[in-house]
file run06.pdb (PDB, C-alpha atoms and all ligand atoms)
ATOM      1  CA  MET A   1     -16.210  -5.708  -7.576  1.00  0.00           C
ATOM      2  CA  ASN A   2     -19.773  -4.480  -7.475  1.00  0.00           C
ATOM      3  CA  PHE A   3     -18.716  -1.536  -5.383  1.00  0.00           C
ATOM      4  CA  ILE A   4     -16.610  -0.337  -8.360  1.00  0.00           C
ATOM      5  CA  LYS A   5     -19.424  -0.958 -10.847  1.00  0.00           C
ATOM      6  CA  ASN A   6     -21.860   1.041  -8.769  1.00  0.00           C
ATOM      7  CA  ASP A   7     -19.535   3.876  -7.823  1.00  0.00           C
ATOM      8  CA  LEU A   8     -20.862   7.202  -8.998  1.00  0.00           C
ATOM      9  CA  SER A   9     -17.535   9.017  -8.711  1.00  0.00           C
ATOM     10  CA  LEU A  10     -15.977   6.894 -11.487  1.00  0.00           C
ATOM     11  CA  THR A  11     -16.584   7.337 -15.223  1.00  0.00           C
ATOM     12  CA  GLY A  12     -17.517   4.382 -17.441  1.00  0.00           C
ATOM     13  CA  ASN A  13     -13.963   4.217 -18.825  1.00  0.00           C
ATOM     14  CA  GLN A  14     -12.461   4.269 -15.352  1.00  0.00           C
ATOM     15  CA  LYS A  15     -14.735   1.445 -14.218  1.00  0.00           C
ATOM     16  CA  LYS A  16     -13.760  -0.583 -17.273  1.00  0.00           C
ATOM     17  CA  TYR A  17     -10.051   0.074 -16.611  1.00  0.00           C
ATOM     18  CA  LEU A  18     -10.387  -1.102 -12.993  1.00  0.00           C
ATOM     19  CA  GLU A  19     -12.400  -4.197 -13.959  1.00  0.00           C
ATOM     20  CA  ASP A  20      -9.754  -5.128 -16.546  1.00  0.00           C
ATOM     21  CA  LEU A  21      -6.961  -4.508 -14.054  1.00  0.00           C
ATOM     22  CA  ALA A  22      -8.704  -6.728 -11.483  1.00  0.00           C
ATOM     23  CA  GLY A  23      -8.946  -9.485 -14.125  1.00  0.00           C
ATOM     24  CA  LYS A  24      -5.226  -9.194 -14.916  1.00  0.00           C
ATOM     25  CA  ILE A  25      -4.034  -9.352 -11.316  1.00  0.00           C
ATOM     26  CA  LYS A  26      -6.439 -12.183 -10.506  1.00  0.00           C
ATOM     27  CA  ASN A  27      -4.674 -14.264 -13.158  1.00  0.00           C
ATOM     28  CA  ILE A  28      -1.188 -13.641 -11.822  1.00  0.00           C
ATOM     29  CA  MET A  29      -1.607 -13.405  -8.041  1.00  0.00           C
ATOM     30  CA  PRO A  30      -2.035 -16.294  -5.606  1.00  0.00           C
ATOM     31  CA  ALA A  31      -5.659 -16.376  -4.378  1.00  0.00           C
ATOM     32  CA  SER A  32      -4.746 -15.155  -0.875  1.00  0.00           C
ATOM     33  CA  LEU A  33      -2.830 -12.154  -2.225  1.00  0.00           C
ATOM     34  CA  TYR A  34      -5.650 -11.286  -4.623  1.00  0.00           C
ATOM     35  CA  ARG A  35      -8.125 -11.457  -1.744  1.00  0.00           C
ATOM     36  CA  HIS A  36      -5.947  -9.173   0.394  1.00  0.00           C
ATOM     37  CA  THR A  37      -5.639  -6.791  -2.561  1.00  0.00           C
ATOM     38  CA  ILE A  38      -9.401  -6.557  -3.051  1.00  0.00           C
ATOM     39  CA  ASN A  39      -9.968  -6.233   0.703  1.00  0.00           C
ATOM     40  CA  THR A  40      -7.478  -3.349   0.795  1.00  0.00           C
ATOM     41  CA  LEU A  41      -9.225  -1.706  -2.152  1.00  0.00           C
ATOM     42  CA  GLU A  42     -12.642  -2.150  -0.541  1.00  0.00           C
ATOM     43  CA  PHE A  43     -11.587  -0.678   2.765  1.00  0.00           C
ATOM     44  CA  ALA A  44      -9.717   2.215   1.150  1.00  0.00           C
ATOM     45  CA  CYS A  45     -12.736   3.054  -1.017  1.00  0.00           C
ATOM     46  CA  SER A  46     -15.053   2.912   1.976  1.00  0.00           C
ATOM     47  CA  ILE A  47     -13.168   5.731   3.721  1.00  0.00           C
ATOM     48  CA  ALA A  48     -11.897   7.632   0.659  1.00  0.00           C
ATOM     49  CA  LYS A  49     -15.166   9.421  -0.056  1.00  0.00           C
ATOM     50  CA  LYS A  50     -14.636  11.544   3.012  1.00  0.00           C
ATOM     51  CA  TYR A  51     -11.087  12.542   2.135  1.00  0.00           C
ATOM     52  CA  LEU A  52     -10.498  12.484  -1.631  1.00  0.00           C
ATOM     53  CA  SER A  53     -11.707  14.108  -4.849  1.00  0.00           C
ATOM     54  CA  ASP A  54     -13.180  11.903  -7.610  1.00  0.00           C
ATOM     55  CA  LYS A  55      -9.952  12.184  -9.616  1.00  0.00           C
ATOM     56  CA  GLU A  56      -7.854  11.005  -6.700  1.00  0.00           C
ATOM     57  CA  PHE A  57     -10.335   8.247  -5.906  1.00  0.00           C
ATOM     58  CA  PHE A  58      -9.516   6.606  -9.257  1.00  0.00           C
ATOM     59  CA  LYS A  59      -5.772   6.870  -8.555  1.00  0.00           C
ATOM     60  CA  LEU A  60      -6.237   5.393  -5.096  1.00  0.00           C
ATOM     61  CA  SER A  61      -8.101   2.424  -6.595  1.00  0.00           C
ATOM     62  CA  ILE A  62      -5.216   1.688  -8.971  1.00  0.00           C
ATOM     63  CA  ALA A  63      -2.628   2.062  -6.184  1.00  0.00           C
ATOM     64  CA  CYS A  64      -4.587  -0.357  -3.977  1.00  0.00           C
ATOM     65  CA  MET A  65      -4.879  -2.938  -6.729  1.00  0.00           C
ATOM     66  CA  LEU A  66      -1.170  -2.876  -7.511  1.00  0.00           C
ATOM     67  CA  HIS A  67       0.368  -2.152  -4.102  1.00  0.00           C
ATOM     68  CA  ASP A  68       1.514  -5.743  -3.551  1.00  0.00           C
ATOM     69  CA  TYR A  69       2.276  -6.605  -7.172  1.00  0.00           C
ATOM     70  CA  GLY A  70       5.955  -6.843  -6.168  1.00  0.00           C
ATOM     71  CA  LYS A  71       5.041  -9.788  -3.935  1.00  0.00           C
ATOM     72  CA  ILE A  72       4.546 -12.130  -6.859  1.00  0.00           C
ATOM     73  CA  PHE A  73       8.315 -11.938  -7.459  1.00  0.00           C
ATOM     74  CA  ASP A  74      10.583 -13.815  -5.107  1.00  0.00           C
ATOM     75  CA  TYR A  75      13.127 -12.071  -2.927  1.00  0.00           C
ATOM     76  CA  GLU A  76      16.135 -12.980  -5.103  1.00  0.00           C
ATOM     77  CA  GLU A  77      14.394 -11.685  -8.209  1.00  0.00           C
ATOM     78  CA  LEU A  78      13.535  -8.409  -6.483  1.00  0.00           C
ATOM     79  CA  MET A  79      17.150  -7.944  -5.375  1.00  0.00           C
ATOM     80  CA  LYS A  80      18.380  -8.680  -8.886  1.00  0.00           C
ATOM     81  CA  ILE A  81      15.976  -6.160 -10.437  1.00  0.00           C
ATOM     82  CA  ALA A  82      16.907  -3.502  -7.857  1.00  0.00           C
ATOM     83  CA  ARG A  83      20.602  -3.955  -8.639  1.00  0.00           C
ATOM     84  CA  GLU A  84      20.267  -4.175 -12.418  1.00  0.00           C
ATOM     85  CA  GLU A  85      17.946  -1.192 -12.678  1.00  0.00           C
ATOM     86  CA  LYS A  86      19.944   0.755 -10.092  1.00  0.00           C
ATOM     87  CA  LEU A  87      16.779   1.506  -8.136  1.00  0.00           C
ATOM     88  CA  LYS A  88      16.805   3.827  -5.161  1.00  0.00           C
ATOM     89  CA  VAL A  89      16.839   1.128  -2.498  1.00  0.00           C
ATOM     90  CA  SER A  90      18.948   1.405   0.666  1.00  0.00           C
ATOM     91  CA  GLU A  91      21.168  -1.347   2.003  1.00  0.00           C
ATOM     92  CA  PHE A  92      18.684  -1.884   4.847  1.00  0.00           C
ATOM     93  CA  GLU A  93      15.734  -2.229   2.446  1.00  0.00           C
ATOM     94  CA  MET A  94      17.714  -4.566   0.203  1.00  0.00           C
ATOM     95  CA  ASN A  95      18.282  -6.878   3.158  1.00  0.00           C
ATOM     96  CA  CYS A  96      14.707  -6.799   4.396  1.00  0.00           C
ATOM     97  CA  PRO A  97      12.476  -9.210   2.422  1.00  0.00           C
ATOM     98  CA  PRO A  98       9.121  -7.964   3.825  1.00  0.00           C
ATOM     99  CA  LEU A  99       9.880  -4.403   2.681  1.00  0.00           C
ATOM    100  CA  LEU A 100      11.614  -4.871  -0.650  1.00  0.00           C
ATOM    101  CA  HIS A 101       8.416  -5.595  -2.628  1.00  0.00           C
ATOM    102  CA  SER A 102       7.172  -2.029  -2.156  1.00  0.00           C
ATOM    103  CA  PHE A 103      10.402  -0.321  -3.230  1.00  0.00           C
ATOM    104  CA  VAL A 104      10.892  -2.508  -6.304  1.00  0.00           C
ATOM    105  CA  GLY A 105       7.107  -2.639  -6.793  1.00  0.00           C
ATOM    106  CA  GLU A 106       7.124   1.012  -7.789  1.00  0.00           C
ATOM    107  CA  TYR A 107       9.433   0.145 -10.704  1.00  0.00           C
ATOM    108  CA  LEU A 108       7.560  -3.069 -11.619  1.00  0.00           C
ATOM    109  CA  VAL A 109       4.183  -1.349 -11.789  1.00  0.00           C
ATOM    110  CA  ARG A 110       5.644   1.296 -14.078  1.00  0.00           C
ATOM    111  CA  ARG A 111       7.262  -1.399 -16.261  1.00  0.00           C
ATOM    112  CA  ASP A 112       4.464  -3.985 -16.419  1.00  0.00           C
ATOM    113  CA  PHE A 113       1.315  -1.849 -16.224  1.00  0.00           C
ATOM    114  CA  ASP A 114       2.559   1.326 -17.864  1.00  0.00           C
ATOM    115  CA  ILE A 115       1.683   3.392 -14.811  1.00  0.00           C
ATOM    116  CA  SER A 116       3.488   6.724 -14.727  1.00  0.00           C
ATOM    117  CA  ASP A 117       1.302   8.726 -12.359  1.00  0.00           C
ATOM    118  CA  LEU A 118       3.622   9.868  -9.586  1.00  0.00           C
ATOM    119  CA  LYS A 119       0.956   9.782  -6.858  1.00  0.00           C
ATOM    120  CA  ILE A 120       0.132   6.153  -7.596  1.00  0.00           C
ATOM    121  CA  LEU A 121       3.802   5.178  -7.720  1.00  0.00           C
ATOM    122  CA  LYS A 122       4.614   7.063  -4.523  1.00  0.00           C
ATOM    123  CA  ALA A 123       1.729   5.422  -2.642  1.00  0.00           C
ATOM    124  CA  ILE A 124       2.958   1.971  -3.699  1.00  0.00           C
ATOM    125  CA  ARG A 125       6.542   2.750  -2.705  1.00  0.00           C
ATOM    126  CA  LEU A 126       5.562   4.094   0.696  1.00  0.00           C
ATOM    127  CA  HIS A 127       2.948   1.544   1.739  1.00  0.00           C
ATOM    128  CA  THR A 128       5.318  -0.493   3.902  1.00  0.00           C
ATOM    129  CA  VAL A 129       7.537   1.987   5.751  1.00  0.00           C
ATOM    130  CA  GLY A 130       5.632   5.234   5.257  1.00  0.00           C
ATOM    131  CA  SER A 131       7.281   8.630   5.014  1.00  0.00           C
ATOM    132  CA  CYS A 132       7.204  12.106   6.538  1.00  0.00           C
ATOM    133  CA  SER A 133       5.734  13.390   3.285  1.00  0.00           C
ATOM    134  CA  MET A 134       2.675  11.174   2.923  1.00  0.00           C
ATOM    135  CA  GLY A 135      -0.343  12.871   1.389  1.00  0.00           C
ATOM    136  CA  ILE A 136      -3.876  11.733   2.100  1.00  0.00           C
ATOM    137  CA  LEU A 137      -3.905   9.155  -0.728  1.00  0.00           C
ATOM    138  CA  GLU A 138      -0.708   7.544   0.554  1.00  0.00           C
ATOM    139  CA  LYS A 139      -2.053   7.543   4.097  1.00  0.00           C
ATOM    140  CA  ILE A 140      -5.257   5.787   3.049  1.00  0.00           C
ATOM    141  CA  LEU A 141      -3.378   2.980   1.265  1.00  0.00           C
ATOM    142  CA  PHE A 142      -0.900   2.626   4.138  1.00  0.00           C
ATOM    143  CA  ILE A 143      -3.754   2.267   6.625  1.00  0.00           C
ATOM    144  CA  ALA A 144      -6.119   0.133   4.498  1.00  0.00           C
ATOM    145  CA  ASP A 145      -3.330  -2.405   3.937  1.00  0.00           C
ATOM    146  CA  LYS A 146      -2.969  -2.874   7.713  1.00  0.00           C
ATOM    147  CA  ILE A 147      -6.626  -2.936   8.761  1.00  0.00           C
ATOM    148  CA  GLU A 148      -8.571  -4.522   5.871  1.00  0.00           C
ATOM    149  CA  LYS A 149     -11.305  -6.949   6.907  1.00  0.00           C
ATOM    150  CA  ASP A 150      -9.129 -10.094   7.066  1.00  0.00           C
ATOM    151  CA  ARG A 151      -6.568  -8.484   9.390  1.00  0.00           C
ATOM    152  CA  ASN A 152      -7.126  -9.935  12.800  1.00  0.00           C
ATOM    153  CA  TYR A 153      -5.311  -8.537  15.812  1.00  0.00           C
ATOM    154  CA  GLU A 154      -6.259  -6.878  19.066  1.00  0.00           C
ATOM    155  CA  GLY A 155      -7.685  -3.420  18.553  1.00  0.00           C
ATOM    156  CA  VAL A 156      -8.137  -3.677  14.773  1.00  0.00           C
ATOM    157  CA  GLU A 157     -11.896  -3.006  15.018  1.00  0.00           C
ATOM    158  CA  ASN A 158     -11.198   0.283  16.796  1.00  0.00           C
ATOM    159  CA  LEU A 159      -8.693   1.246  14.134  1.00  0.00           C
ATOM    160  CA  ARG A 160     -11.304   0.654  11.410  1.00  0.00           C
ATOM    161  CA  GLY A 161     -13.658   3.047  13.154  1.00  0.00           C
ATOM    162  CA  LEU A 162     -10.907   5.586  13.689  1.00  0.00           C
ATOM    163  CA  ALA A 163     -10.003   5.550   9.984  1.00  0.00           C
ATOM    164  CA  VAL A 164     -13.402   7.025   9.192  1.00  0.00           C
ATOM    165  CA  ALA A 165     -13.473   9.422  12.131  1.00  0.00           C
ATOM    166  CA  ASN A 166      -9.937  10.832  11.974  1.00  0.00           C
ATOM    167  CA  ILE A 167      -7.402   9.572   9.460  1.00  0.00           C
ATOM    168  CA  ASN A 168      -4.385  11.244  11.084  1.00  0.00           C
ATOM    169  CA  LEU A 169      -5.138   9.790  14.483  1.00  0.00           C
ATOM    170  CA  CYS A 170      -5.663   6.417  12.827  1.00  0.00           C
ATOM    171  CA  LEU A 171      -2.273   6.690  11.100  1.00  0.00           C
ATOM    172  CA  LEU A 172      -0.651   7.406  14.457  1.00  0.00           C
ATOM    173  CA  GLU A 173      -2.267   4.333  16.038  1.00  0.00           C
ATOM    174  CA  VAL A 174      -1.495   2.049  13.077  1.00  0.00           C
ATOM    175  CA  TYR A 175       2.116   3.210  13.053  1.00  0.00           C
ATOM    176  CA  LYS A 176       2.357   2.736  16.829  1.00  0.00           C
ATOM    177  CA  ASN A 177       1.006  -0.816  16.475  1.00  0.00           C
ATOM    178  CA  ASN A 178       3.563  -1.578  13.802  1.00  0.00           C
ATOM    179  CA  ILE A 179       6.462  -0.336  15.895  1.00  0.00           C
ATOM    180  CA  ILE A 180       5.315  -2.266  18.980  1.00  0.00           C
ATOM    181  CA  TYR A 181       4.730  -5.434  16.921  1.00  0.00           C
ATOM    182  CA  ASN A 182       8.231  -5.300  15.456  1.00  0.00           C
ATOM    183  CA  ILE A 183       9.866  -4.650  18.812  1.00  0.00           C
ATOM    184  CA  LYS A 184       7.928  -7.446  20.539  1.00  0.00           C
ATOM    185  CA  LYS A 185       9.032  -9.871  17.816  1.00  0.00           C
ATOM    186  CA  ASP A 186      12.660  -8.677  18.061  1.00  0.00           C
ATOM    187  CA  LYS A 187      12.431  -7.462  14.475  1.00  0.00           C
ATOM    188  CA  LEU A 188      14.424  -4.593  13.045  1.00  0.00           C
ATOM    189  CA  LEU A 189      12.986  -1.116  12.620  1.00  0.00           C
ATOM    190  CA  HIS A 190      13.572   0.788   9.402  1.00  0.00           C
ATOM    191  CA  PRO A 191      16.066   3.634  10.020  1.00  0.00           C
ATOM    192  CA  ASP A 192      13.421   6.200   8.980  1.00  0.00           C
ATOM    193  CA  THR A 193      10.860   4.935  11.491  1.00  0.00           C
ATOM    194  CA  VAL A 194      11.755   7.263  14.389  1.00  0.00           C
ATOM    195  CA  LYS A 195      11.794  10.254  12.038  1.00  0.00           C
ATOM    196  CA  ILE A 196       8.357   9.292  10.671  1.00  0.00           C
ATOM    197  CA  TRP A 197       6.958   8.578  14.128  1.00  0.00           C
ATOM    198  CA  ASN A 198       8.092  11.992  15.395  1.00  0.00           C
ATOM    199  CA  ASN A 199       6.573  13.610  12.321  1.00  0.00           C
ATOM    200  CA  ILE A 200       3.227  11.841  12.791  1.00  0.00           C
ATOM    201  CA  CYS A 201       3.224  12.972  16.426  1.00  0.00           C
ATOM    202  CA  GLY A 202       3.601  16.553  15.278  1.00  0.00           C
ATOM    203  CA  GLY A 203       7.293  16.896  16.031  1.00  0.00           C
ATOM    204  CA  ILE A 204      10.013  17.783  13.555  1.00  0.00           C
TER     205      ILE A 204
HETATM  206 FE    FE B 301      -0.639  -5.330   1.225  1.00  0.00          FE
END

call {"tool": "encode", "arguments": {"input": "run06.pdb", "output": "structure tokens"}}
result
Amino acid sequence: MNFIKNDLSLTGNQKKYLEDLAGKIKNIMPASLYRHTINTLEFACSIAKKYLSDKEFFKLSIACMLHDYGKIFDYEELMKIAREEKLKVSEFEMNCPPLLHSFVGEYLVRRDFDISDLKILKAIRLHTVGSCSMGILEKILFIADKIEKDRNYEGVENLRGLAVANINLCLLEVYKNNIIYNIKKDKLLHPDTVKIWNNICGGI
């Protein structure tokens, strides 16, 4: 976490908050998930300087650290919480284990970490499926999650370079990869995916 300690765009209190948060999630996440979390944070921070203000940089760091918090709960627990709390989760999302952690994660992060900032919560909610209304912070988390340094698939190196050069083009390529991956594996596509793809391509 030296990159947080040495970051000039963060205040002393913000650095302390992030260090404490890292300590908390390290205690509750499996080692592989914690590693992925820190990798996502590192990659997001490495490109954020170009795109975000200092204030948003702090929010992005929190969103990265907590984006997969929902993954420490098992699928049945997530479904139970979504039902009991009457969360805004569609039937499709409820039946899709790899996606549910982000939709319920928004609620869990608010409940367990007292996070109420809407940008942070929105970025966590949207990091799996995306949305037509993603701002730059949400885009950075969405992308960093898919191309952090341990991700290993054909073309990922190019995507890392593209993230620095042109974030919107990178989003298009990352989204394209996701769609192709799901189709090749005979996996379902989220009903919003075509709408989001058309939006990313500049359509309506
Ligand atoms: Fe993730």

call {"tool": "residues_near_ligand", "arguments": {"input": "run06.pdb", "ligand": "ligand FE 301 (chain B)", "cutoff": "8 Å", "atoms": "all atoms listed in the file", "output": "PyMOL selection string"}}
result
chain A and resi 33+36-37+40+67-68+127+145-146

call {"tool": "atom_distance", "arguments": {"input": "run06.pdb", "atom1": "CA of Leu169 (chain A)", "atom2": "CA of Phe142 (chain A)"}}
result
13.3 Å

call {"tool": "closest_residue", "arguments": {"input": "run06.pdb", "among": "A:Ile136, A:Leu172, A:Met79, A:Leu159", "to": "Asn199 (chain A)", "atoms": "all atoms listed in the file"}}
result
A:Leu172

call {"tool": "residues_around", "arguments": {"input": "run06.pdb", "residues": "Tyr34 (chain A)", "least_positions_apart": "6", "cutoff": "12 Å", "atoms": "all atoms listed in the file", "output": "VMD selection string"}}
result
chain A and resid 21 to 28 40 to 41 64 to 69 71 to 72

call {"tool": "write_last_selection", "arguments": {"input": "run06.pdb", "atoms": "C-alpha atoms", "output": "PDB file, in the frame of the given file"}}
result
ATOM      1  CA  LEU A  21      -6.961  -4.508 -14.054  1.00  0.00           C
ATOM      2  CA  ALA A  22      -8.704  -6.728 -11.483  1.00  0.00           C
ATOM      3  CA  GLY A  23      -8.946  -9.485 -14.125  1.00  0.00           C
ATOM      4  CA  LYS A  24      -5.226  -9.194 -14.916  1.00  0.00           C
ATOM      5  CA  ILE A  25      -4.034  -9.352 -11.316  1.00  0.00           C
ATOM      6  CA  LYS A  26      -6.439 -12.183 -10.506  1.00  0.00           C
ATOM      7  CA  ASN A  27      -4.674 -14.264 -13.158  1.00  0.00           C
ATOM      8  CA  ILE A  28      -1.188 -13.641 -11.822  1.00  0.00           C
ATOM      9  CA  THR A  40      -7.478  -3.349   0.795  1.00  0.00           C
ATOM     10  CA  LEU A  41      -9.225  -1.706  -2.152  1.00  0.00           C
ATOM     11  CA  CYS A  64      -4.587  -0.357  -3.977  1.00  0.00           C
ATOM     12  CA  MET A  65      -4.879  -2.938  -6.729  1.00  0.00           C
ATOM     13  CA  LEU A  66      -1.170  -2.876  -7.511  1.00  0.00           C
ATOM     14  CA  HIS A  67       0.368  -2.152  -4.102  1.00  0.00           C
ATOM     15  CA  ASP A  68       1.514  -5.743  -3.551  1.00  0.00           C
ATOM     16  CA  TYR A  69       2.276  -6.605  -7.172  1.00  0.00           C
ATOM     17  CA  LYS A  71       5.041  -9.788  -3.935  1.00  0.00           C
ATOM     18  CA  ILE A  72       4.546 -12.130  -6.859  1.00  0.00           C
TER      19      ILE A  72
END

call {"tool": "resolve_selection", "arguments": {"input": "run06.pdb", "expression": "the PyMOL selection byres (((chain A and resi 90) around 12) and not hetatm)", "output": "list in words"}}
result
Met79, Ala82, Arg83, Lys86, Leu87, Lys88, Val89, Glu91, Phe92, Glu93, Met94, Asn95, Cys96, Leu99, Leu100, Phe103, Val104, His190, Pro191 and Asp192 of chain A

call {"tool": "write_last_selection", "arguments": {"input": "run06.pdb", "atoms": "C-alpha atoms", "output": "PDB file, keeping the file's coordinate frame"}}
result
ATOM      1  CA  MET A  79      17.150  -7.944  -5.375  1.00  0.00           C
ATOM      2  CA  ALA A  82      16.907  -3.502  -7.857  1.00  0.00           C
ATOM      3  CA  ARG A  83      20.602  -3.955  -8.639  1.00  0.00           C
ATOM      4  CA  LYS A  86      19.944   0.755 -10.092  1.00  0.00           C
ATOM      5  CA  LEU A  87      16.779   1.506  -8.136  1.00  0.00           C
ATOM      6  CA  LYS A  88      16.805   3.827  -5.161  1.00  0.00           C
ATOM      7  CA  VAL A  89      16.839   1.128  -2.498  1.00  0.00           C
ATOM      8  CA  GLU A  91      21.168  -1.347   2.003  1.00  0.00           C
ATOM      9  CA  PHE A  92      18.684  -1.884   4.847  1.00  0.00           C
ATOM     10  CA  GLU A  93      15.734  -2.229   2.446  1.00  0.00           C
ATOM     11  CA  MET A  94      17.714  -4.566   0.203  1.00  0.00           C
ATOM     12  CA  ASN A  95      18.282  -6.878   3.158  1.00  0.00           C
ATOM     13  CA  CYS A  96      14.707  -6.799   4.396  1.00  0.00           C
ATOM     14  CA  LEU A  99       9.880  -4.403   2.681  1.00  0.00           C
ATOM     15  CA  LEU A 100      11.614  -4.871  -0.650  1.00  0.00           C
ATOM     16  CA  PHE A 103      10.402  -0.321  -3.230  1.00  0.00           C
ATOM     17  CA  VAL A 104      10.892  -2.508  -6.304  1.00  0.00           C
ATOM     18  CA  HIS A 190      13.572   0.788   9.402  1.00  0.00           C
ATOM     19  CA  PRO A 191      16.066   3.634  10.020  1.00  0.00           C
ATOM     20  CA  ASP A 192      13.421   6.200   8.980  1.00  0.00           C
TER      21      ASP A 192
END

call {"tool": "closest_residue", "arguments": {"input": "run06.pdb", "among": "A:Ile62, A:Ile120, A:Ala48, A:Leu188", "to": "Ala165 (chain A)", "atoms": "all atoms listed in the file"}}
result
A:Ala48

call {"tool": "atom_distance", "arguments": {"input": "run06.pdb", "atom1": "CA of Leu141 (chain A)", "atom2": "CA of Ile124 (chain A)"}}
result
8.1 Å

call {"tool": "resolve_selection", "arguments": {"input": "run06.pdb", "expression": "the PyMOL selection byres (((chain A and resi 13-16) around 12) and not hetatm)", "output": "VMD selection string"}}
result
chain A and resid 1 to 12 17 to 23 54 to 59 61 to 62

call {"tool": "write_last_selection", "arguments": {"input": "run06.pdb", "atoms": "C-alpha atoms", "output": "tab-separated table (two decimals), in the coordinates of the input"}}
result
chain	number	residue	atom	x	y	z
A	1	MET	CA	-16.21	-5.71	-7.58
A	2	ASN	CA	-19.77	-4.48	-7.48
A	3	PHE	CA	-18.72	-1.54	-5.38
A	4	ILE	CA	-16.61	-0.34	-8.36
A	5	LYS	CA	-19.42	-0.96	-10.85
A	6	ASN	CA	-21.86	1.04	-8.77
A	7	ASP	CA	-19.54	3.88	-7.82
A	8	LEU	CA	-20.86	7.20	-9.00
A	9	SER	CA	-17.54	9.02	-8.71
A	10	LEU	CA	-15.98	6.89	-11.49
A	11	THR	CA	-16.58	7.34	-15.22
A	12	GLY	CA	-17.52	4.38	-17.44
A	17	TYR	CA	-10.05	0.07	-16.61
A	18	LEU	CA	-10.39	-1.10	-12.99
A	19	GLU	CA	-12.40	-4.20	-13.96
A	20	ASP	CA	-9.75	-5.13	-16.55
A	21	LEU	CA	-6.96	-4.51	-14.05
A	22	ALA	CA	-8.70	-6.73	-11.48
A	23	GLY	CA	-8.95	-9.48	-14.12
A	54	ASP	CA	-13.18	11.90	-7.61
A	55	LYS	CA	-9.95	12.18	-9.62
A	56	GLU	CA	-7.85	11.00	-6.70
A	57	PHE	CA	-10.34	8.25	-5.91
A	58	PHE	CA	-9.52	6.61	-9.26
A	59	LYS	CA	-5.77	6.87	-8.56
A	61	SER	CA	-8.10	2.42	-6.60
A	62	ILE	CA	-5.22	1.69	-8.97

call {"tool": "atom_distance", "arguments": {"input": "run06.pdb", "atom1": "CA of Lys185 (chain A)", "atom2": "CA of Ala63 (chain A)"}}
result
29.2 Å

call {"tool": "residues_around", "arguments": {"input": "run06.pdb", "residues": "Ile179 (chain A)", "least_positions_apart": "5", "cutoff": "10 Å", "atoms": "all atoms listed in the file", "output": "PDB file with C-alpha atoms, in the coordinates of the input"}}
result
ATOM      1  CA  GLU A 173      -2.267   4.333  16.038  1.00  0.00           C
ATOM      2  CA  VAL A 174      -1.495   2.049  13.077  1.00  0.00           C
ATOM      3  CA  LYS A 184       7.928  -7.446  20.539  1.00  0.00           C
ATOM      4  CA  LYS A 187      12.431  -7.462  14.475  1.00  0.00           C
ATOM      5  CA  LEU A 188      14.424  -4.593  13.045  1.00  0.00           C
ATOM      6  CA  LEU A 189      12.986  -1.116  12.620  1.00  0.00           C
ATOM      7  CA  HIS A 190      13.572   0.788   9.402  1.00  0.00           C
ATOM      8  CA  THR A 193      10.860   4.935  11.491  1.00  0.00           C
ATOM      9  CA  VAL A 194      11.755   7.263  14.389  1.00  0.00           C
ATOM     10  CA  TRP A 197       6.958   8.578  14.128  1.00  0.00           C
TER      11      TRP A 197
END

call {"tool": "closest_residue", "arguments": {"input": "run06.pdb", "among": "A:Phe113, A:Tyr175, A:Phe43, A:Tyr75", "to": "Ile147 (chain A)", "atoms": "only C-alpha atoms"}}
result
A:Phe43

call {"tool": "axis_aligned_box", "arguments": {"input": "run06.pdb", "around": "region 154-163 of chain A", "padding_each_side": "6 Å", "output": "lines of an AutoDock Vina configuration file"}}
result
center_x = -10.0
center_y = -0.6
center_z = 14.5
size_x = 19.4
size_y = 24.5
size_z = 21.1

call {"tool": "residues_near_point", "arguments": {"input": "run06.pdb", "point": "(-12.0, 6.5, 10.1)", "cutoff": "12 Å", "atoms": "only C-alpha atoms", "output": "ChimeraX atom specification"}}
result
/A:43-51,139-140,143-144,147,156-171,173-174
